[in-house]
Amino acid sequence: NAGVTQTPKFQVLKTGQSMTLQCAQDMNHEYMSWYRQDPGMGLRLIHYSVGAGITDQGEVPNGYNVSRSTTEDFPLRLLSAAPSQTSVYFCASSGGGSGYGYTFGSGTRLTVV
Amino acid sequence: GQQLNQSPQSMFIQEGEDVSMNCTSSSIFNTWLWYKQDPGEGPVLLIALYKAGELTSNGRLTAQFGITRKDSFLNISASIPSDVGIYFCAGQRNAGNNRKLIWGLGTSLAVNP
């Protein structure tokens with residue numbers, strides 16, 4: 001099993017550009033979430049989903065959109081990139097079979113210039 | 001947003017030494033999770049704890065769910081160079097569909113061979 005796959009691994013954007021960070025999991029997990037990780041601030045929840053068609057905001061949702069049309073995919077959209085969105089982004093999923101632990105992807109390192 | 005109090009912030013030890021770190025909260029949690037993050041990778045689940053007082057081991061790692069449900073401890077025995085990384089604790093209040101995690105800021109571990 002691939003687990004949680006994130007693409008791209010690295011990305012540089014200009015201020016104002018938009019892009020989509022992809023996340024896919026092959027474990028049939030119903031719960032998926034997006035985090036950003038910044039030095040000294042730990043992991044902060046951006047958006048999450050408890051199943052296909054259901055999404056909700058986390059701690060820092062502004063500037064990001066998500067959708068969950070399938071169980072497998074949970075893309076994160078940056079609408080108009082800003083330098084403050086320079087960060088490492090992690091997608092994670094959780095399913096009943098694994099208890100309440102999350103499986104994380106390897107991350108997308110985004111730089112906005 | 002709320003975060004757990006994780007300490008120490010960093011540790012530099014000699015190979016073979018034992019390591020202890022802990023997380024505390026002013027709120028009660030139903031689940032405690034411990035993760036390790038290697039450079040350039042996403043966090044990986046080490047141990048999950050589901051009951052107050054529970055003591056669980058994973059190889060040289062041992063974690064405990066505090067009896068008050070407001071704290072958790074992680075011990076690493078006989079450290080080796082591959083233990084280097086950042087260790088995160090995470091707490092969860094509710095089971096079922098609400099799986100949002102509250103995170104500590106991490107303990108950075110360096111091991112001198």
# chains A, B, ... in the order shown; residues from 1 in each chain; ligands from 1
>>> residues_around(residues="B:Trp103", least_positions_apart="4", cutoff="12 Å", atoms="only C-alpha atoms", output="ChimeraX atom specification")
/A:35,37,41-45,59 /B:1-6,23-25,29,32-35,43,87-93,107
>>> select_by_dssp(residues="stretch 6-81 of chain B", states="strand (DSSP E or B)", output="ChimeraX atom specification")
/B:6-7,10-14,19-24,31-37,44-49,55-58,61-65,71-76
>>> interface_residues(of="chain B", to="chain A", cutoff="9 Å", atoms="only C-alpha atoms", output="PDB file with all heavy atoms, in the first residue's frame")
ATOM      1  N   GLY B   1      -4.694  28.864  18.515  1.00  0.00           N
ATOM      2  CA  GLY B   1      -5.429  27.693  18.950  1.00  0.00           C
ATOM      3  C   GLY B   1      -4.768  27.017  20.140  1.00  0.00           C
ATOM      4  O   GLY B   1      -3.620  27.308  20.480  1.00  0.00           O
ATOM      5  N   GLN B   3      -2.794  24.424  22.377  1.00  0.00           N
ATOM      6  CA  GLN B   3      -1.714  23.468  22.184  1.00  0.00           C
ATOM      7  C   GLN B   3      -1.390  22.825  23.514  1.00  0.00           C
ATOM      8  O   GLN B   3      -1.673  23.361  24.572  1.00  0.00           O
ATOM      9  CB  GLN B   3      -0.474  24.167  21.613  1.00  0.00           C
ATOM     10  CG  GLN B   3      -0.592  24.491  20.142  1.00  0.00           C
ATOM     11  CD  GLN B   3       0.468  25.438  19.654  1.00  0.00           C
ATOM     12  OE1 GLN B   3       0.966  26.258  20.392  1.00  0.00           O
ATOM     13  NE2 GLN B   3       0.804  25.353  18.379  1.00  0.00           N
ATOM     14  N   THR B  31      -7.694  10.204  24.343  1.00  0.00           N
ATOM     15  CA  THR B  31      -6.661   9.502  23.600  1.00  0.00           C
ATOM     16  C   THR B  31      -5.398  10.349  23.596  1.00  0.00           C
ATOM     17  O   THR B  31      -5.476  11.571  23.445  1.00  0.00           O
ATOM     18  CB  THR B  31      -7.102   9.251  22.127  1.00  0.00           C
ATOM     19  OG1 THR B  31      -8.295   8.484  22.108  1.00  0.00           O
ATOM     20  CG2 THR B  31      -6.020   8.513  21.345  1.00  0.00           C
ATOM     21  N   LEU B  33      -1.523  10.367  21.701  1.00  0.00           N
ATOM     22  CA  LEU B  33      -0.727   9.791  20.627  1.00  0.00           C
ATOM     23  C   LEU B  33       0.674  10.381  20.677  1.00  0.00           C
ATOM     24  O   LEU B  33       0.853  11.564  20.991  1.00  0.00           O
ATOM     25  CB  LEU B  33      -1.359  10.099  19.259  1.00  0.00           C
ATOM     26  CG  LEU B  33      -2.822   9.689  19.072  1.00  0.00           C
ATOM     27  CD1 LEU B  33      -3.389  10.288  17.796  1.00  0.00           C
ATOM     28  CD2 LEU B  33      -2.950   8.174  19.041  1.00  0.00           C
ATOM     29  N   GLY B  40      12.437  16.187   6.708  1.00  0.00           N
ATOM     30  CA  GLY B  40      11.909  16.062   5.360  1.00  0.00           C
ATOM     31  C   GLY B  40      10.783  15.066   5.202  1.00  0.00           C
ATOM     32  O   GLY B  40      10.354  14.789   4.076  1.00  0.00           O
ATOM     33  N   GLU B  41      10.295  14.534   6.327  1.00  0.00           N
ATOM     34  CA  GLU B  41       9.231  13.536   6.268  1.00  0.00           C
ATOM     35  C   GLU B  41       8.048  13.970   7.118  1.00  0.00           C
ATOM     36  O   GLU B  41       8.144  14.902   7.914  1.00  0.00           O
ATOM     37  CB  GLU B  41       9.744  12.182   6.749  1.00  0.00           C
ATOM     38  CG  GLU B  41      10.856  11.599   5.906  1.00  0.00           C
ATOM     39  CD  GLU B  41      10.387  11.250   4.505  1.00  0.00           C
ATOM     40  OE1 GLU B  41       9.200  10.901   4.328  1.00  0.00           O
ATOM     41  OE2 GLU B  41      11.215  11.334   3.570  1.00  0.00           O
ATOM     42  N   GLY B  42       6.929  13.272   6.936  1.00  0.00           N
ATOM     43  CA  GLY B  42       5.782  13.513   7.792  1.00  0.00           C
ATOM     44  C   GLY B  42       5.900  12.753   9.096  1.00  0.00           C
ATOM     45  O   GLY B  42       6.686  11.809   9.212  1.00  0.00           O
ATOM     46  N   PRO B  43       5.142  13.164  10.113  1.00  0.00           N
ATOM     47  CA  PRO B  43       5.170  12.438  11.399  1.00  0.00           C
ATOM     48  C   PRO B  43       4.696  10.998  11.230  1.00  0.00           C
ATOM     49  O   PRO B  43       3.809  10.715  10.424  1.00  0.00           O
ATOM     50  CB  PRO B  43       4.191  13.242  12.265  1.00  0.00           C
ATOM     51  CG  PRO B  43       4.122  14.594  11.625  1.00  0.00           C
ATOM     52  CD  PRO B  43       4.284  14.349  10.162  1.00  0.00           C
ATOM     53  N   VAL B  44       5.298  10.118  12.013  1.00  0.00           N
ATOM     54  CA  VAL B  44       4.949   8.707  12.009  1.00  0.00           C
ATOM     55  C   VAL B  44       4.481   8.324  13.404  1.00  0.00           C
ATOM     56  O   VAL B  44       5.145   8.640  14.395  1.00  0.00           O
ATOM     57  CB  VAL B  44       6.148   7.834  11.585  1.00  0.00           C
ATOM     58  CG1 VAL B  44       5.802   6.357  11.733  1.00  0.00           C
ATOM     59  CG2 VAL B  44       6.553   8.144  10.153  1.00  0.00           C
ATOM     60  N   LEU B  45       3.343   7.645  13.487  1.00  0.00           N
ATOM     61  CA  LEU B  45       2.781   7.251  14.773  1.00  0.00           C
ATOM     62  C   LEU B  45       3.663   6.208  15.447  1.00  0.00           C
ATOM     63  O   LEU B  45       4.005   5.185  14.858  1.00  0.00           O
ATOM     64  CB  LEU B  45       1.370   6.690  14.590  1.00  0.00           C
ATOM     65  CG  LEU B  45       0.631   6.269  15.855  1.00  0.00           C
ATOM     66  CD1 LEU B  45       0.366   7.479  16.748  1.00  0.00           C
ATOM     67  CD2 LEU B  45      -0.679   5.571  15.500  1.00  0.00           C
ATOM     68  N   ILE B  47       3.155   5.405  19.230  1.00  0.00           N
ATOM     69  CA  ILE B  47       2.344   4.742  20.247  1.00  0.00           C
ATOM     70  C   ILE B  47       1.023   5.489  20.380  1.00  0.00           C
ATOM     71  O   ILE B  47       0.997   6.718  20.357  1.00  0.00           O
ATOM     72  CB  ILE B  47       3.079   4.715  21.606  1.00  0.00           C
ATOM     73  CG1 ILE B  47       4.323   3.822  21.527  1.00  0.00           C
ATOM     74  CG2 ILE B  47       2.147   4.224  22.715  1.00  0.00           C
ATOM     75  CD1 ILE B  47       5.134   3.778  22.822  1.00  0.00           C
ATOM     76  N   ALA B  48      -0.062   4.731  20.554  1.00  0.00           N
ATOM     77  CA  ALA B  48      -1.384   5.290  20.831  1.00  0.00           C
ATOM     78  C   ALA B  48      -1.869   4.762  22.173  1.00  0.00           C
ATOM     79  O   ALA B  48      -1.717   3.573  22.472  1.00  0.00           O
ATOM     80  CB  ALA B  48      -2.369   4.907  19.733  1.00  0.00           C
ATOM     81  N   PHE B  88       6.487  14.408  18.783  1.00  0.00           N
ATOM     82  CA  PHE B  88       5.287  15.184  19.054  1.00  0.00           C
ATOM     83  C   PHE B  88       4.293  14.356  19.859  1.00  0.00           C
ATOM     84  O   PHE B  88       4.097  13.175  19.589  1.00  0.00           O
ATOM     85  CB  PHE B  88       4.585  15.596  17.751  1.00  0.00           C
ATOM     86  CG  PHE B  88       5.321  16.629  16.943  1.00  0.00           C
ATOM     87  CD1 PHE B  88       6.110  16.248  15.877  1.00  0.00           C
ATOM     88  CD2 PHE B  88       5.195  17.975  17.237  1.00  0.00           C
ATOM     89  CE1 PHE B  88       6.787  17.192  15.115  1.00  0.00           C
ATOM     90  CE2 PHE B  88       5.862  18.928  16.483  1.00  0.00           C
ATOM     91  CZ  PHE B  88       6.665  18.531  15.425  1.00  0.00           C
ATOM     92  N   GLN B  92      -6.571  13.825  21.974  1.00  0.00           N
ATOM     93  CA  GLN B  92      -7.878  13.839  21.317  1.00  0.00           C
ATOM     94  C   GLN B  92      -8.948  13.706  22.378  1.00  0.00           C
ATOM     95  O   GLN B  92      -8.859  12.822  23.246  1.00  0.00           O
ATOM     96  CB  GLN B  92      -7.950  12.680  20.339  1.00  0.00           C
ATOM     97  CG  GLN B  92      -9.178  12.639  19.461  1.00  0.00           C
ATOM     98  CD  GLN B  92      -9.079  11.497  18.473  1.00  0.00           C
ATOM     99  OE1 GLN B  92      -8.954  10.349  18.873  1.00  0.00           O
ATOM    100  NE2 GLN B  92      -9.116  11.811  17.197  1.00  0.00           N
ATOM    101  N   ALA B  95     -14.202  10.564  20.711  1.00  0.00           N
ATOM    102  CA  ALA B  95     -14.088   9.432  19.802  1.00  0.00           C
ATOM    103  C   ALA B  95     -15.054   9.634  18.647  1.00  0.00           C
ATOM    104  O   ALA B  95     -15.636  10.688  18.484  1.00  0.00           O
ATOM    105  CB  ALA B  95     -14.393   8.142  20.546  1.00  0.00           C
ATOM    106  N   GLY B  96     -15.221   8.609  17.831  1.00  0.00           N
ATOM    107  CA  GLY B  96     -16.166   8.667  16.734  1.00  0.00           C
ATOM    108  C   GLY B  96     -15.740   9.623  15.660  1.00  0.00           C
ATOM    109  O   GLY B  96     -14.581   9.666  15.284  1.00  0.00           O
ATOM    110  N   ASN B  97     -16.676  10.441  15.178  1.00  0.00           N
ATOM    111  CA  ASN B  97     -16.394  11.279  14.031  1.00  0.00           C
ATOM    112  C   ASN B  97     -15.496  12.466  14.343  1.00  0.00           C
ATOM    113  O   ASN B  97     -14.859  13.005  13.458  1.00  0.00           O
ATOM    114  CB  ASN B  97     -17.700  11.802  13.431  1.00  0.00           C
ATOM    115  CG  ASN B  97     -18.186  10.917  12.306  1.00  0.00           C
ATOM    116  OD1 ASN B  97     -17.473  10.031  11.866  1.00  0.00           O
ATOM    117  ND2 ASN B  97     -19.398  11.136  11.856  1.00  0.00           N
ATOM    118  N   ASN B  98     -15.484  12.902  15.608  1.00  0.00           N
ATOM    119  CA  ASN B  98     -14.637  14.047  15.937  1.00  0.00           C
ATOM    120  C   ASN B  98     -13.249  13.550  16.288  1.00  0.00           C
ATOM    121  O   ASN B  98     -12.997  13.120  17.398  1.00  0.00           O
ATOM    122  CB  ASN B  98     -15.234  14.831  17.100  1.00  0.00           C
ATOM    123  CG  ASN B  98     -14.429  16.078  17.398  1.00  0.00           C
ATOM    124  OD1 ASN B  98     -13.404  16.335  16.787  1.00  0.00           O
ATOM    125  ND2 ASN B  98     -14.892  16.843  18.353  1.00  0.00           N
ATOM    126  N   ARG B  99     -12.334  13.600  15.323  1.00  0.00           N
ATOM    127  CA  ARG B  99     -10.990  13.083  15.542  1.00  0.00           C
ATOM    128  C   ARG B  99      -9.965  14.191  15.486  1.00  0.00           C
ATOM    129  O   ARG B  99      -8.794  13.934  15.241  1.00  0.00           O
ATOM    130  CB  ARG B  99     -10.672  12.011  14.503  1.00  0.00           C
ATOM    131  CG  ARG B  99     -11.581  10.805  14.603  1.00  0.00           C
ATOM    132  CD  ARG B  99     -11.133   9.684  13.713  1.00  0.00           C
ATOM    133  NE  ARG B  99     -12.082   8.599  13.760  1.00  0.00           N
ATOM    134  CZ  ARG B  99     -11.948   7.469  13.082  1.00  0.00           C
ATOM    135  NH1 ARG B  99     -10.906   7.295  12.306  1.00  0.00           N
ATOM    136  NH2 ARG B  99     -12.853   6.525  13.173  1.00  0.00           N
ATOM    137  N   LYS B 100     -10.358  15.424  15.730  1.00  0.00           N
ATOM    138  CA  LYS B 100      -9.397  16.514  15.697  1.00  0.00           C
ATOM    139  C   LYS B 100      -8.398  16.335  16.826  1.00  0.00           C
ATOM    140  O   LYS B 100      -8.747  15.978  17.951  1.00  0.00           O
ATOM    141  CB  LYS B 100     -10.107  17.857  15.823  1.00  0.00           C
ATOM    142  CG  LYS B 100     -10.789  18.275  14.526  1.00  0.00           C
ATOM    143  CD  LYS B 100     -11.114  19.747  14.502  1.00  0.00           C
ATOM    144  CE  LYS B 100     -12.219  20.087  15.451  1.00  0.00           C
ATOM    145  NZ  LYS B 100     -12.605  21.506  15.325  1.00  0.00           N
ATOM    146  N   LEU B 101      -7.137  16.593  16.495  1.00  0.00           N
ATOM    147  CA  LEU B 101      -6.059  16.427  17.457  1.00  0.00           C
ATOM    148  C   LEU B 101      -5.560  17.781  17.944  1.00  0.00           C
ATOM    149  O   LEU B 101      -5.522  18.741  17.182  1.00  0.00           O
ATOM    150  CB  LEU B 101      -4.896  15.661  16.824  1.00  0.00           C
ATOM    151  CG  LEU B 101      -5.192  14.245  16.332  1.00  0.00           C
ATOM    152  CD1 LEU B 101      -3.953  13.655  15.684  1.00  0.00           C
ATOM    153  CD2 LEU B 101      -5.657  13.372  17.479  1.00  0.00           C
ATOM    154  N   ILE B 102      -5.149  17.833  19.203  1.00  0.00           N
ATOM    155  CA  ILE B 102      -4.447  18.969  19.771  1.00  0.00           C
ATOM    156  C   ILE B 102      -2.995  18.559  19.902  1.00  0.00           C
ATOM    157  O   ILE B 102      -2.704  17.496  20.479  1.00  0.00           O
ATOM    158  CB  ILE B 102      -5.016  19.366  21.142  1.00  0.00           C
ATOM    159  CG1 ILE B 102      -6.534  19.528  21.078  1.00  0.00           C
ATOM    160  CG2 ILE B 102      -4.336  20.642  21.642  1.00  0.00           C
ATOM    161  CD1 ILE B 102      -7.008  20.609  20.142  1.00  0.00           C
ATOM    162  N   TRP B 103      -2.067  19.394  19.395  1.00  0.00           N
ATOM    163  CA  TRP B 103      -0.666  19.002  19.280  1.00  0.00           C
ATOM    164  C   TRP B 103       0.234  19.758  20.248  1.00  0.00           C
ATOM    165  O   TRP B 103      -0.006  20.931  20.568  1.00  0.00           O
ATOM    166  CB  TRP B 103      -0.163  19.274  17.864  1.00  0.00           C
ATOM    167  CG  TRP B 103      -0.780  18.396  16.828  1.00  0.00           C
ATOM    168  CD1 TRP B 103      -1.962  18.612  16.189  1.00  0.00           C
ATOM    169  CD2 TRP B 103      -0.266  17.165  16.327  1.00  0.00           C
ATOM    170  NE1 TRP B 103      -2.203  17.579  15.304  1.00  0.00           N
ATOM    171  CE2 TRP B 103      -1.181  16.687  15.372  1.00  0.00           C
ATOM    172  CE3 TRP B 103       0.886  16.424  16.584  1.00  0.00           C
ATOM    173  CZ2 TRP B 103      -0.985  15.492  14.677  1.00  0.00           C
ATOM    174  CZ3 TRP B 103       1.074  15.242  15.890  1.00  0.00           C
ATOM    175  CH2 TRP B 103       0.156  14.783  14.951  1.00  0.00           C
ATOM    176  N   GLY B 104       1.281  19.082  20.706  1.00  0.00           N
ATOM    177  CA  GLY B 104       2.383  19.766  21.357  1.00  0.00           C
ATOM    178  C   GLY B 104       3.308  20.347  20.300  1.00  0.00           C
ATOM    179  O   GLY B 104       3.179  20.038  19.107  1.00  0.00           O
ATOM    180  N   LEU B 105       4.253  21.192  20.743  1.00  0.00           N
ATOM    181  CA  LEU B 105       5.167  21.843  19.806  1.00  0.00           C
ATOM    182  C   LEU B 105       6.392  20.993  19.489  1.00  0.00           C
ATOM    183  O   LEU B 105       7.222  21.383  18.675  1.00  0.00           O
ATOM    184  CB  LEU B 105       5.598  23.204  20.343  1.00  0.00           C
ATOM    185  CG  LEU B 105       4.484  24.250  20.415  1.00  0.00           C
ATOM    186  CD1 LEU B 105       5.035  25.574  20.917  1.00  0.00           C
ATOM    187  CD2 LEU B 105       3.813  24.449  19.074  1.00  0.00           C
ATOM    188  N   GLY B 106       6.520  19.854  20.146  1.00  0.00           N
ATOM    189  CA  GLY B 106       7.592  18.939  19.794  1.00  0.00           C
ATOM    190  C   GLY B 106       8.794  19.005  20.714  1.00  0.00           C
ATOM    191  O   GLY B 106       9.077  20.030  21.331  1.00  0.00           O
TER     192      GLY B 106
END
>>> atom_distance(atom1="atom CA of A:Thr5", atom2="atom CA of A:Trp34")
12.6 Å
>>> residues_around(residues="B:Leu61", least_positions_apart="4", cutoff="10 Å", atoms="only C-alpha atoms", output="NGL selection string")
:B and (18-20 or 46-47 or 56-57 or 74-79)
>>> write_last_selection(atoms="N, CA and C atoms", output="mmCIF file, in the first residue's frame")
data_model
loop_
_atom_site.group_PDB
_atom_site.id
_atom_site.type_symbol
_atom_site.label_atom_id
_atom_site.label_comp_id
_atom_site.auth_asym_id
_atom_site.auth_seq_id
_atom_site.Cartn_x
_atom_site.Cartn_y
_atom_site.Cartn_z
ATOM 1 N N ASP B 18 19.071 6.987 28.478
ATOM 2 C CA ASP B 18 17.611 6.951 28.430
ATOM 3 C C ASP B 18 17.073 8.378 28.288
ATOM 4 N N VAL B 19 15.899 8.495 27.675
ATOM 5 C CA VAL B 19 15.286 9.797 27.393
ATOM 6 C C VAL B 19 13.863 9.807 27.945
ATOM 7 N N SER B 20 13.474 10.927 28.536
ATOM 8 C CA SER B 20 12.095 11.097 28.979
ATOM 9 C C SER B 20 11.561 12.434 28.509
ATOM 10 N N LEU B 46 4.021 6.477 16.720
ATOM 11 C CA LEU B 46 4.827 5.549 17.499
ATOM 12 C C LEU B 46 3.954 4.717 18.432
ATOM 13 N N ILE B 47 3.155 5.405 19.230
ATOM 14 C CA ILE B 47 2.344 4.742 20.247
ATOM 15 C C ILE B 47 1.023 5.489 20.380
ATOM 16 N N THR B 56 2.116 1.466 27.561
ATOM 17 C CA THR B 56 2.282 0.718 26.317
ATOM 18 C C THR B 56 3.705 0.841 25.823
ATOM 19 N N SER B 57 4.251 -0.271 25.339
ATOM 20 C CA SER B 57 5.618 -0.272 24.817
ATOM 21 C C SER B 57 5.643 -0.599 23.339
ATOM 22 N N LEU B 74 6.590 9.886 27.465
ATOM 23 C CA LEU B 74 7.259 8.981 26.535
ATOM 24 C C LEU B 74 8.685 8.785 27.010
ATOM 25 N N ASN B 75 9.085 7.532 27.140
ATOM 26 C CA ASN B 75 10.460 7.204 27.503
ATOM 27 C C ASN B 75 11.106 6.396 26.387
ATOM 28 N N ILE B 76 12.370 6.700 26.119
ATOM 29 C CA ILE B 76 13.168 5.943 25.158
ATOM 30 C C ILE B 76 14.356 5.382 25.915
ATOM 31 N N SER B 77 14.522 4.090 25.879
ATOM 32 C CA SER B 77 15.637 3.483 26.601
ATOM 33 C C SER B 77 16.796 3.212 25.644
ATOM 34 N N ALA B 78 18.010 3.322 26.181
ATOM 35 C CA ALA B 78 19.232 2.992 25.440
ATOM 36 C C ALA B 78 19.231 3.627 24.052
ATOM 37 N N SER B 79 19.239 4.936 24.010
ATOM 38 C CA SER B 79 19.100 5.665 22.755
ATOM 39 C C SER B 79 20.196 5.297 21.749
#
>>> atom_distance(atom1="atom CA of A:Ile46", atom2="atom CA of A:Leu79")
13.8 Å
>>> residues_around(residues="A:Ala81", least_positions_apart="4", cutoff="9 Å", atoms="only C-alpha atoms", output="short mmCIF file (atom, residue, chain, number, x, y, z; two decimals) with C-alpha atoms, in the first residue's frame")
data_model
loop_
_atom_site.label_atom_id
_atom_site.label_comp_id
_atom_site.auth_asym_id
_atom_site.auth_seq_id
_atom_site.Cartn_x
_atom_site.Cartn_y
_atom_site.Cartn_z
CA LEU A 13 4.67 30.28 -6.39
CA LYS A 14 4.51 33.97 -7.08
CA THR A 15 2.26 36.11 -4.91
CA GLY A 16 -1.27 36.01 -6.27
CA GLN A 17 -0.95 32.70 -8.09
CA SER A 18 -3.30 29.84 -7.31
CA MET A 19 -2.54 26.16 -7.10
CA GLY A 63 -6.89 31.51 2.08
CA GLN A 85 1.46 30.79 3.18
CA THR A 86 5.09 29.73 2.79
CA VAL A 112 5.59 31.97 -2.04
CA VAL A 113 7.75 34.81 -3.35
#
>>> residues_around(residues="B:Arg69", least_positions_apart="2", cutoff="6 Å", atoms="only C-alpha atoms", output="PyMOL selection string")
chain B and resi 28-29+52+66-67+71
>>> residues_around(residues="B:Glu15", least_positions_apart="2", cutoff="8 Å", atoms="only C-alpha atoms", output="list in words")
Ile13, Glu17, Ala78, Ser79, Ile80, Pro81, Val111, Asn112 and Pro113 of chain B
